[in-house]
file target01.txt (compact mmCIF, C-alpha atoms)
# COMPACT_ATOMS: atom_id res chain seq x y z
CA MET A 1 -197.32 -27.43 170.35
CA PRO A 2 -194.53 -26.11 172.58
CA TYR A 3 -191.51 -24.12 171.42
CA LEU A 4 -188.12 -25.66 172.26
CA ILE A 5 -185.40 -23.20 173.33
CA VAL A 6 -181.94 -24.72 173.73
CA GLY A 7 -179.00 -23.15 175.52
CA LEU A 8 -175.68 -24.69 174.48
CA GLY A 9 -172.87 -25.15 176.98
CA ASN A 10 -170.93 -27.61 179.09
CA PRO A 11 -172.25 -29.01 182.40
CA GLY A 12 -170.48 -28.74 185.74
CA SER A 13 -169.07 -25.96 187.93
CA ARG A 14 -165.73 -26.12 186.11
CA TYR A 15 -167.32 -24.57 183.00
CA ALA A 16 -169.78 -22.22 184.68
CA ASN A 17 -169.53 -18.59 183.51
CA THR A 18 -167.06 -19.41 180.73
CA ARG A 19 -167.40 -17.98 177.22
CA HIS A 20 -168.58 -21.33 175.86
CA ASN A 21 -171.53 -21.36 178.29
CA ALA A 22 -173.23 -18.21 177.00
CA GLY A 23 -176.18 -20.33 175.86
CA PHE A 24 -176.65 -21.87 179.31
CA MET A 25 -176.63 -18.44 180.91
CA ALA A 26 -179.20 -17.09 178.47
CA VAL A 27 -181.76 -19.85 179.07
CA GLU A 28 -181.15 -19.65 182.83
CA GLU A 29 -182.00 -15.95 182.70
CA LEU A 30 -185.03 -16.70 180.53
CA ALA A 31 -186.23 -19.23 183.11
CA ARG A 32 -185.66 -16.79 185.97
CA ARG A 33 -187.68 -14.06 184.25
CA HIS A 34 -190.68 -16.31 183.76
CA GLY A 35 -190.65 -18.26 187.00
CA MET A 36 -189.42 -21.55 185.54
CA ARG A 37 -187.00 -24.00 187.14
CA PHE A 38 -184.68 -26.61 185.66
CA SER A 39 -186.16 -29.17 188.01
CA THR A 40 -186.30 -32.28 185.81
CA LYS A 41 -183.94 -34.25 183.62
CA GLN A 42 -184.90 -35.86 180.35
CA ALA A 43 -182.99 -37.10 177.30
CA ASN A 44 -179.64 -36.09 178.85
CA ALA A 45 -180.81 -32.52 179.44
CA GLU A 46 -181.94 -30.34 182.30
CA VAL A 47 -185.48 -29.23 181.48
CA ALA A 48 -187.69 -26.29 182.51
CA ARG A 49 -191.28 -25.84 181.33
CA GLY A 50 -193.52 -22.82 181.29
CA GLU A 51 -195.09 -20.16 179.13
CA ILE A 52 -193.72 -17.05 177.44
CA ALA A 53 -195.83 -14.54 175.50
CA GLY A 54 -198.76 -16.93 175.55
CA THR A 55 -196.72 -19.80 174.07
CA LYS A 56 -195.81 -23.00 175.88
CA VAL A 57 -192.04 -23.38 175.99
CA ILE A 58 -189.52 -26.03 176.96
CA LEU A 59 -186.08 -24.75 177.94
CA ILE A 60 -183.21 -27.22 177.97
CA LYS A 61 -179.53 -27.34 178.86
CA PRO A 62 -177.95 -30.45 177.29
CA GLN A 63 -175.78 -32.34 179.78
CA THR A 64 -173.91 -34.33 177.13
CA PHE A 65 -171.09 -31.79 176.78
CA MET A 66 -170.95 -29.46 173.81
CA ASN A 67 -169.89 -31.88 171.05
CA LEU A 68 -172.92 -34.14 171.62
CA SER A 69 -175.56 -31.47 172.28
CA GLY A 70 -177.67 -32.63 169.35
CA GLN A 71 -178.51 -35.90 171.07
CA ALA A 72 -180.44 -34.11 173.80
CA VAL A 73 -182.11 -31.77 171.32
CA ARG A 74 -183.29 -34.66 169.14
CA GLY A 75 -184.45 -36.66 172.17
CA ILE A 76 -186.63 -33.82 173.48
CA ALA A 77 -187.88 -32.84 170.02
CA ASN A 78 -188.88 -36.43 169.18
CA PHE A 79 -190.62 -37.01 172.51
CA TYR A 80 -192.76 -33.85 172.24
CA LYS A 81 -193.03 -34.05 168.42
CA ILE A 82 -191.53 -30.58 168.01
CA PRO A 83 -190.57 -29.75 164.38
CA SER A 84 -187.28 -28.01 163.61
CA GLU A 85 -189.07 -24.74 162.77
CA ARG A 86 -190.12 -24.49 166.43
CA ILE A 87 -186.60 -24.89 167.81
CA LEU A 88 -184.35 -21.99 168.83
CA ILE A 89 -180.75 -22.47 169.92
CA ILE A 90 -178.66 -19.89 171.80
CA TYR A 91 -174.89 -20.17 171.83
CA ASP A 92 -171.53 -18.36 171.91
CA ASP A 93 -169.77 -17.10 168.79
CA ILE A 94 -166.11 -16.11 168.68
CA ALA A 95 -166.63 -14.37 165.32
CA LEU A 96 -168.65 -11.63 167.07
CA PRO A 97 -167.32 -9.01 169.49
CA VAL A 98 -168.45 -9.15 173.10
CA GLY A 99 -171.79 -7.37 173.45
CA THR A 100 -172.99 -8.25 169.94
CA LEU A 101 -175.93 -10.47 168.94
CA ARG A 102 -176.81 -12.05 165.61
CA ILE A 103 -180.12 -13.78 164.97
CA ARG A 104 -180.67 -16.06 161.98
CA GLU A 105 -183.42 -18.40 160.80
CA LYS A 106 -180.96 -20.99 159.49
CA GLY A 107 -177.32 -21.53 158.60
CA SER A 108 -174.28 -23.76 158.89
CA SER A 109 -172.45 -24.50 162.12
CA ALA A 110 -169.56 -22.14 161.17
CA GLY A 111 -167.26 -24.44 163.11
CA HIS A 112 -169.25 -24.46 166.36
CA ASN A 113 -169.26 -28.08 167.54
CA GLY A 114 -172.50 -27.78 169.51
CA VAL A 115 -174.40 -26.39 166.52
CA LYS A 116 -172.77 -28.98 164.26
CA SER A 117 -174.10 -31.75 166.51
CA VAL A 118 -177.62 -30.26 166.51
CA ILE A 119 -177.65 -29.97 162.71
CA GLN A 120 -176.41 -33.57 162.31
CA GLN A 121 -178.96 -34.99 164.73
CA MET A 122 -181.91 -32.97 163.42
CA GLY A 123 -180.91 -33.47 159.78
CA THR A 124 -181.35 -29.83 158.79
CA GLU A 125 -179.68 -26.42 158.94
CA LYS A 126 -183.09 -24.73 159.10
CA ILE A 127 -182.93 -24.12 162.84
CA ALA A 128 -183.24 -20.62 164.26
CA ARG A 129 -180.39 -19.38 166.38
CA ILE A 130 -179.24 -16.48 168.55
CA ARG A 131 -175.47 -16.05 168.51
CA VAL A 132 -173.93 -14.27 171.49
CA GLY A 133 -170.57 -12.61 170.79
CA VAL A 134 -167.65 -13.69 172.98
CA ASP A 135 -164.84 -12.36 170.74
CA ARG A 136 -161.70 -14.19 169.65
CA PRO A 137 -158.21 -13.99 171.17
CA ALA A 138 -156.17 -11.02 169.97
CA ASP A 139 -153.08 -13.21 169.62
CA PRO A 140 -153.62 -15.79 166.84
CA ARG A 141 -151.24 -18.12 168.66
CA HIS A 142 -153.66 -18.32 171.58
CA ASN A 143 -155.32 -21.74 171.82
CA GLN A 144 -158.95 -21.33 170.77
CA VAL A 145 -160.21 -24.11 173.07
CA ASP A 146 -158.55 -22.48 176.07
CA TRP A 147 -160.10 -19.18 175.02
CA VAL A 148 -163.73 -20.33 174.89
CA LEU A 149 -163.31 -22.31 178.09
CA GLY A 150 -161.89 -19.23 179.79
CA ARG A 151 -163.74 -16.45 181.58
CA PHE A 152 -164.39 -12.85 180.64
CA THR A 153 -162.14 -10.01 181.74
CA LYS A 154 -163.40 -7.35 184.15
CA GLU A 155 -163.80 -4.98 181.21
CA GLU A 156 -165.76 -7.52 179.16
CA GLN A 157 -168.02 -8.83 181.92
CA PRO A 158 -170.54 -5.92 181.99
CA MET A 159 -170.90 -5.99 178.18
CA PHE A 160 -171.37 -9.75 178.19
CA GLU A 161 -173.99 -9.62 180.94
CA GLU A 162 -175.85 -6.98 178.94
CA SER A 163 -175.74 -9.18 175.83
CA VAL A 164 -177.20 -12.11 177.81
CA GLN A 165 -180.08 -9.86 178.85
CA ARG A 166 -180.60 -8.82 175.23
CA ALA A 167 -180.47 -12.46 174.07
CA THR A 168 -183.27 -13.36 176.46
CA GLU A 169 -185.27 -10.34 175.29
CA ALA A 170 -184.70 -11.43 171.69
CA ALA A 171 -186.00 -14.93 172.47
CA GLU A 172 -189.11 -13.39 174.03
CA SER A 173 -189.49 -11.14 171.01
CA ILE A 174 -189.36 -14.07 168.58
CA LEU A 175 -192.26 -15.69 170.42
CA ARG A 176 -194.17 -12.42 170.60
CA ILE A 177 -193.71 -10.76 167.18
CA GLY A 178 -191.86 -13.27 165.02
CA MET A 179 -188.38 -13.79 163.64
CA GLU A 180 -188.16 -11.11 160.94
CA ARG A 181 -189.17 -8.17 163.13
CA THR A 182 -186.94 -9.44 165.93
CA MET A 183 -183.92 -9.62 163.60
CA ASN A 184 -184.52 -6.02 162.52
CA THR A 185 -184.43 -4.94 166.16
CA TYR A 186 -181.68 -7.04 167.70
CA ASN A 187 -179.11 -7.64 164.94
CA THR A 188 -176.97 -4.74 166.14
CA GLY A 189 -173.88 -4.17 168.23
CA PRO A 190 -173.81 -3.04 171.87
CA ALA A 191 -174.16 0.58 170.71
CA SER A 192 -174.77 2.18 167.32
CA THR A 193 -171.52 4.10 167.44
CA LYS A 194 -171.17 4.29 163.66
CA GLU A 195 -174.61 5.76 163.26
CA GLU A 196 -174.03 8.29 166.04
CA SER A 197 -170.70 9.23 164.50
CA ARG A 198 -172.32 9.69 161.11
CA LYS A 199 -175.03 11.92 162.55
CA SER A 200 -172.62 14.09 164.52
CA ARG A 201 -170.03 14.52 161.74
CA PRO A 202 -170.27 18.04 160.19
CA ILE A 203 -170.91 18.26 156.46
CA GLU A 204 -168.16 20.21 154.74
CA ARG A 205 -168.89 22.10 151.55
CA PRO A 206 -166.52 24.17 149.39
CA ALA A 207 -166.50 27.90 150.05
CA ALA A 208 -167.43 30.52 147.45
CA ALA A 209 -164.67 31.78 145.09
CA SER A 210 -164.42 35.16 146.86
CA ASP A 211 -163.96 33.48 150.19
CA GLY A 212 -160.48 33.13 151.60
CA GLY A 213 -161.06 29.53 152.64
CA ALA A 214 -163.62 26.92 153.56
CA LYS A 215 -166.16 28.03 156.10
CA PRO A 216 -166.88 25.88 159.15
CA ALA A 217 -169.62 23.36 158.45
CA GLU A 218 -172.07 24.89 160.88
CA GLU A 219 -171.93 28.23 159.03
CA VAL A 220 -172.86 26.75 155.66
CA LYS A 221 -176.51 27.25 154.84
CA VAL A 222 -178.26 25.80 151.87
CA ALA A 223 -181.15 27.83 150.50
CA PRO A 224 -184.34 25.89 150.03
CA ARG A 225 -185.07 24.92 146.46
CA ALA A 226 -187.86 26.98 144.90
CA ASP A 227 -191.09 25.21 144.18
CA LYS A 228 -191.89 25.55 140.44
CA ASN A 229 -195.58 25.24 141.15
CA ASP A 230 -195.59 28.08 143.66
CA LEU A 231 -197.48 30.99 141.98
CA SER A 232 -197.89 33.25 144.99
CA MET A 233 -197.37 37.02 144.50
CA ASP A 234 -194.18 37.02 146.59
CA THR A 235 -192.69 34.25 144.47
CA LEU A 236 -193.65 35.99 141.21
CA ARG A 237 -192.06 39.24 142.40
CA GLN A 238 -188.86 37.41 143.28
CA ARG A 239 -188.74 35.78 139.84
CA ILE A 240 -189.30 39.14 138.10
CA ASP A 241 -186.53 40.74 140.23
CA ARG A 242 -184.09 37.96 139.29
CA ILE A 243 -184.92 38.35 135.57
CA MET A 244 -184.42 42.13 135.72
CA GLN A 245 -181.15 41.70 137.60
CA ARG A 246 -179.79 39.31 134.95
CA LYS A 247 -180.75 41.78 132.19
CA GLU A 248 -178.88 44.58 133.97
CA GLU A 249 -175.79 42.36 134.33
CA THR A 250 -175.72 41.57 130.60
CA LYS A 251 -175.83 45.24 129.46
call {"tool": "encode", "arguments": {"input": "target01.txt", "output": "structure tokens"}}
result
Amino acid sequence: MPYLIVGLGNPGSRYANTRHNAGFMAVEELARRHGMRFSTKQANAEVARGEIAGTKVILIKPQTFMNLSGQAVRGIANFYKIPSERILIIYDDIALPVGTLRIREKGSSAGHNGVKSVIQQMGTEKIARIRVGVDRPADPRHNQVDWVLGRFTKEEQPMFEESVQRATEAAESILRIGMERTMNTYNTGPASTKEESRKSRPIERPAAASDGGAKPAEEVKVAPRADKNDLSMDTLRQRIDRIMQRKEETK
């Protein structure tokens, strides 16, 4: 049974390379990587067939415009008798920053009209998806439709292109090693800046009472905790020395 991978977007040159066509771009890249071509049309969709990671796949780009994407998905799924658990949709998400991916096994449409149409037509929310971040307008007064139908800035373009590459790799990974392991790998931002910041941040500890102030973090050394089960001669001597020292201090 083939696996159906759907890229959501709008047809025509007017909408090419816009934020809303992230799904189209991802499946086009997936087809390019594996020598497939969108050479046929079926059920109001452009269709490419091939194999990825030993699995037969059907890639589609619905040509019904975004709001009716589910019609093409249902048409292809019914014709090839593909169950919803073998469908993966890739689409844009304004709730995520540019360069970010989120992979889920199921979920609501979260206001995305293409996903809403797919859920309605397939009759279930249990459809895997890869969400590609396209960010939201900084000014809340900015029309959201104009935003998603607009193009990326020069600063955003490299990050978006990288996220498209990662989305295609994630789709390959799902076919190769499964959903759970893929989510653990790809549900991250463009760079783990928080983690790097956490690792590089020095650990500050209070200075001793006789010290005039806090020592720089790199100078603070923590002595290793003694092992209670260590009965070596050196350890025994050290314990005896500490006991004798405490006795002297109490005299």
call {"tool": "closest_residue", "arguments": {"input": "target01.txt", "among": "A:Ala31, A:Thr168, A:Arg151, A:Ala45", "to": "Ala16 of chain A", "atoms": "all atoms listed in the file"}}
result
A:Arg151
call {"tool": "residues_around", "arguments": {"input": "target01.txt", "residues": "segment 134-149 of chain A", "least_positions_apart": "6", "cutoff": "8 Å", "atoms": "only C-alpha atoms", "output": "ChimeraX atom specification"}}
result
/A:15,18-20,92-99,160
call {"tool": "write_last_selection", "arguments": {"input": "target01.txt", "atoms": "C-alpha atoms", "output": "compact mmCIF listing (two decimals), keeping the file's coordinate frame"}}
result
# COMPACT_ATOMS: atom_id res chain seq x y z
CA TYR A 15 -167.32 -24.57 183.00
CA THR A 18 -167.06 -19.41 180.73
CA ARG A 19 -167.40 -17.98 177.22
CA HIS A 20 -168.58 -21.33 175.86
CA ASP A 92 -171.53 -18.36 171.91
CA ASP A 93 -169.77 -17.10 168.79
CA ILE A 94 -166.11 -16.11 168.68
CA ALA A 95 -166.63 -14.37 165.32
CA LEU A 96 -168.65 -11.63 167.07
CA PRO A 97 -167.32 -9.01 169.49
CA VAL A 98 -168.45 -9.15 173.10
CA GLY A 99 -171.79 -7.37 173.45
CA PHE A 160 -171.37 -9.75 178.19
call {"tool": "closest_residue", "arguments": {"input": "target01.txt", "among": "A:Ser109, A:Gln157, A:Thr182, A:Asn17", "to": "Asn67 of chain A", "atoms": "all atoms listed in the file"}}
result
A:Ser109
call {"tool": "residues_around", "arguments": {"input": "target01.txt", "residues": "Glu125 of chain A", "least_positions_apart": "5", "cutoff": "9 Å", "atoms": "only C-alpha atoms", "output": "number ranges by chain"}}
result
A: 106-109, 118-120
call {"tool": "atom_distance", "arguments": {"input": "target01.txt", "atom1": "atom CA of Arg74 of chain A", "atom2": "atom CA of Thr100 of chain A"}}
result
28.4 Å
call {"tool": "residues_near_point", "arguments": {"input": "target01.txt", "point": "(-181.7, -24.9, 159.0)", "cutoff": "12 Å", "atoms": "all atoms listed in the file", "output": "ChimeraX atom specification"}}
result
/A:83-89,104-109,115-116,118-129
call {"tool": "closest_residue", "arguments": {"input": "target01.txt", "among": "A:Glu29, A:Glu155, A:Glu172, A:Glu161", "to": "Val57 of chain A", "atoms": "all atoms listed in the file"}}
result
A:Glu172
call {"tool": "closest_residue", "arguments": {"input": "target01.txt", "among": "A:Gly9, A:Gly114, A:Gly35, A:Gly178", "to": "Lys61 of chain A", "atoms": "only C-alpha atoms"}}
result
A:Gly9
call {"tool": "closest_residue", "arguments": {"input": "target01.txt", "among": "A:Glu162, A:Glu156, A:Glu51, A:Glu46", "to": "Glu28 of chain A", "atoms": "all atoms listed in the file"}}
result
A:Glu46
call {"tool": "residues_around", "arguments": {"input": "target01.txt", "residues": "Gly23 of chain A", "least_positions_apart": "6", "cutoff": "6 Å", "atoms": "all atoms listed in the file", "output": "JSON, numbers by chain"}}
result
{"A": [7, 8, 9, 90, 91]}
call {"tool": "atom_distance", "arguments": {"input": "target01.txt", "atom1": "atom CA of Ile103 of chain A", "atom2": "atom CA of Pro62 of chain A"}}
result
20.8 Å
call {"tool": "residues_around", "arguments": {"input": "target01.txt", "residues": "Tyr80 of chain A", "least_positions_apart": "4", "cutoff": "9 Å", "atoms": "only C-alpha atoms", "output": "ChimeraX atom specification"}}
result
/A:1-2,75-76
call {"tool": "closest_residue", "arguments": {"input": "target01.txt", "among": "A:Phe24, A:Asn113, A:Asn78, A:Ile52", "to": "Met66 of chain A", "atoms": "only C-alpha atoms"}}
result
A:Asn113
call {"tool": "atom_distance", "arguments": {"input": "target01.txt", "atom1": "atom CA of Pro11 of chain A", "atom2": "atom CA of Ile60 of chain A"}}
result
12.0 Å
call {"tool": "residues_around", "arguments": {"input": "target01.txt", "residues": "Arg49 of chain A", "least_positions_apart": "6", "cutoff": "8 Å", "atoms": "all atoms listed in the file", "output": "ChimeraX atom specification"}}
result
/A:36-38,56-59
